[in-house]
Structure formats: structure tokens, C-alpha cells
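Input: a single structure, listed below in C-alpha cells.
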Amino acid sequence: MPPVATPESLRDAAKYLARVDADLAPIIGIAGLPSITPNKNYYQALVGSIISQQLSVKAAATIFKRFLALFPGDEFPTPGQILEKDSEELRSVGLSRQKGTYIQDLAVKVLEETVRFNHLDALSNEDVISELTTIKGVGVWTVHMFLIFCMGRLDVLPTGDLGIKNGMYSLYNLKEKPTPEEMEIIAKLHKWHPYESVASWYIWHSLDNKPAIS
């Protein structure tokens, strides 16, 4: 099982990155330890991530709350309950037709067990990406956020994230905003491995532009 975020591992990561990356060190000194807390609500996190795509944090939270209100009780809706809702009911809470389709596709895959969560902890980052991107509407960026903020994986570089791109551009005084390939090179040059997730969190913090995942 790949290592995940704990108070101890995050302290180790912060000390390591402050030592090897002089540009990142001042940010680490100000920010303290990252707020990366793994949880096992994988199904809920993916539903939330689909809802929050291309929305502000506030708008995503409002729609997520309305979505939950469609279902009885205090428990998160099961895949079966989600499939009982038609597209108009899902649209009534602010979900686009496309996002409603994506959430229901996830529900179908969970019920059919083509997507399973009880074995993800044992998979490599690459294998988690390969499995979860079979879900409609779940791309590599979404899985990167899932790996970092839900699974707590320590060594993920979200090369598709605009905040990381902008943060690298500013922090390292680049002439142009880096491509995904150049972002990987920069991370390697600054010795972020095996704590790329933690370094990314500090980059987000430097911009006050931390991504949100439910």
C-alpha cells in the first residue's frame, strides 16, 4: 500500500521539502503543515467532485446540499437511490444534465462492480487513475484531486491544475507558464519526489487558491 498523509508523514515531508527546495522553504515556514486528511468516503468524494467541477466553492457547496436534500434521512444516497431520480429531478437542484448523467453513470458502475473501492488502497496512483477515469465525467485532474485529498497519497503531481501551473510560473520566475511535461521536469529538478502532493499543496497555499473536493 502506498504511503498516505498522517501528521508524522506530513511533518517529514515539510522538513524534506524545506531542505531541498529553497524557493518553497519560506512558504512552508509560513503555512505550517498541509491540511490533507485522508478519508474512506470514496464514493461520496467522487460524487462531490463531479458536482463541483467548474464551479466556485460556494456554488458547489450549495448544489451539493440541495442534491442531498433530494434523498430521505441523513445518510449519503446509495447508488440505487441516485438511479431512482430522473434527469429533471437532478436538474432541479442545479445540476447540469451532463453532470446528472455522470453521477448516474458512477452509480451504475458501482452497482455493477465495474468500479470498486475496497481495493483502491492497494493500487498504484497510475492504476487508480486508469480505473476511475472509466467513469464518465471523471478525468485525470479529478482523480489527481481524489488521490491527494481523499486517499491522502503523498506523491501526486496534478499537472493539469491551473493553480499549480500558475504557482510554478510565479515561484520559479519562469518566462512562460509551464506545460505538463515541463511541470514534471521542474518537480524533478526541485526534488519534490516522494512528496509531490505536499509540494503542490504549498504551491496552492502560496496563491491562496487551494482546490476543493467534497
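Ordering of the C-alpha cells sets the chain letters (A, B, ...), residue numbers begin anew at 1 in every chain, and ligands are numbered from 1 in the order given.
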Subject >> Expected answer as a ChimeraX atom specification: alpha helix (DSSP H) residues in range 32-123 of chain A >> reply: /A:42-52,57-69,79-83,87-91,97-112
Original post:
Hey, what's within 9 Å of Ser87 in chain A if we count only C-alpha atoms and toss same-chain stuff fewer than 2 positions away? As a list in words, please?
Top reply: Lys85, Glu89, Leu90, Arg91, Ser92, Ser96, Arg97, Gly100 and Thr101 of chain A
Include N, CA and C atoms and write out the residues we just selected as a PDB file, in the first residue's frame.
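Wrote selection.pdb, looks like this:
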```
ATOM      1  N   LYS A  85     -33.749   8.653  -9.377  1.00  0.00           N
ATOM      2  CA  LYS A  85     -34.070  10.038  -9.743  1.00  0.00           C
ATOM      3  C   LYS A  85     -33.945  10.216 -11.255  1.00  0.00           C
ATOM      4  N   GLU A  89     -35.306  15.827 -11.990  1.00  0.00           N
ATOM      5  CA  GLU A  89     -35.142  15.986 -10.543  1.00  0.00           C
ATOM      6  C   GLU A  89     -33.715  16.416 -10.220  1.00  0.00           C
ATOM      7  N   LEU A  90     -32.752  15.835 -10.899  1.00  0.00           N
ATOM      8  CA  LEU A  90     -31.357  16.210 -10.666  1.00  0.00           C
ATOM      9  C   LEU A  90     -31.088  17.636 -11.143  1.00  0.00           C
ATOM     10  N   ARG A  91     -31.692  18.004 -12.255  1.00  0.00           N
ATOM     11  CA  ARG A  91     -31.512  19.366 -12.755  1.00  0.00           C
ATOM     12  C   ARG A  91     -32.168  20.391 -11.833  1.00  0.00           C
ATOM     13  N   SER A  92     -33.203  19.987 -11.118  1.00  0.00           N
ATOM     14  CA  SER A  92     -33.934  20.924 -10.261  1.00  0.00           C
ATOM     15  C   SER A  92     -33.085  21.462  -9.117  1.00  0.00           C
ATOM     16  N   SER A  96     -26.284  20.275 -13.993  1.00  0.00           N
ATOM     17  CA  SER A  96     -26.499  20.249 -15.434  1.00  0.00           C
ATOM     18  C   SER A  96     -26.945  18.845 -15.834  1.00  0.00           C
ATOM     19  N   ARG A  97     -27.551  18.750 -16.994  1.00  0.00           N
ATOM     20  CA  ARG A  97     -27.961  17.430 -17.486  1.00  0.00           C
ATOM     21  C   ARG A  97     -26.743  16.505 -17.596  1.00  0.00           C
ATOM     22  N   GLY A 100     -25.610  15.277 -14.155  1.00  0.00           N
ATOM     23  CA  GLY A 100     -26.549  14.262 -13.688  1.00  0.00           C
ATOM     24  C   GLY A 100     -26.270  12.918 -14.333  1.00  0.00           C
ATOM     25  N   THR A 101     -25.946  12.945 -15.621  1.00  0.00           N
ATOM     26  CA  THR A 101     -25.603  11.712 -16.342  1.00  0.00           C
ATOM     27  C   THR A 101     -24.328  11.089 -15.779  1.00  0.00           C
TER      28      THR A 101
END
```
Subject >> Residue nearest Pro77 in chain A among A:Ile135, A:Val57, A:Ile203, A:Ala107 (counting only C-alpha atoms) >> reply: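 The closest residue to Pro77 in chain A is A:Ala107.
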Within 7 Å of range 31-34 of chain A, counting only C-alpha atoms, which residues show up once you throw out same-chain ones fewer than 6 positions away? Write them as a PDB file with N, CA and C atoms, in the first residue's frame, please.
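Wrote it out as around.pdb, contents follow:
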```
ATOM      1  N   LEU A  10       3.424  14.063   7.113  1.00  0.00           N
ATOM      2  CA  LEU A  10       3.367  15.437   6.631  1.00  0.00           C
ATOM      3  C   LEU A  10       4.486  16.282   7.234  1.00  0.00           C
ATOM      4  N   ARG A  11       4.829  16.029   8.499  1.00  0.00           N
ATOM      5  CA  ARG A  11       5.968  16.728   9.105  1.00  0.00           C
ATOM      6  C   ARG A  11       7.259  16.350   8.389  1.00  0.00           C
ATOM      7  N   ALA A  14       7.314  18.114   5.012  1.00  0.00           N
ATOM      8  CA  ALA A  14       7.602  19.542   5.110  1.00  0.00           C
ATOM      9  C   ALA A  14       9.080  19.785   5.386  1.00  0.00           C
ATOM     10  N   VAL A 198       2.444  17.126  -1.398  1.00  0.00           N
ATOM     11  CA  VAL A 198       2.683  18.104  -0.347  1.00  0.00           C
ATOM     12  C   VAL A 198       3.246  19.388  -0.940  1.00  0.00           C
ATOM     13  N   TRP A 201       0.472  21.221  -2.521  1.00  0.00           N
ATOM     14  CA  TRP A 201      -0.368  21.911  -1.534  1.00  0.00           C
ATOM     15  C   TRP A 201       0.247  23.259  -1.167  1.00  0.00           C
TER      16      TRP A 201
END
```
Original post:
From the set A:Ser130, A:Ser9, A:Gln54, A:Asn173, which residue has the shortest atom-to-atom contact distance to Ile36 in chain A, counting only C-alpha atoms?
Top reply: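 Among A:Ser130, A:Ser9, A:Gln54, A:Asn173, it is A:Ser9 that comes nearest to Ile36 in chain A.
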Original post:
Pick from A:Leu95, A:Ile30, A:Leu83, A:Asp23: nearest to Thr62 in chain A, with only C-alpha atoms counted?
Top reply: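 Selected residue with least distance to Thr62 in chain A: A:Leu95.
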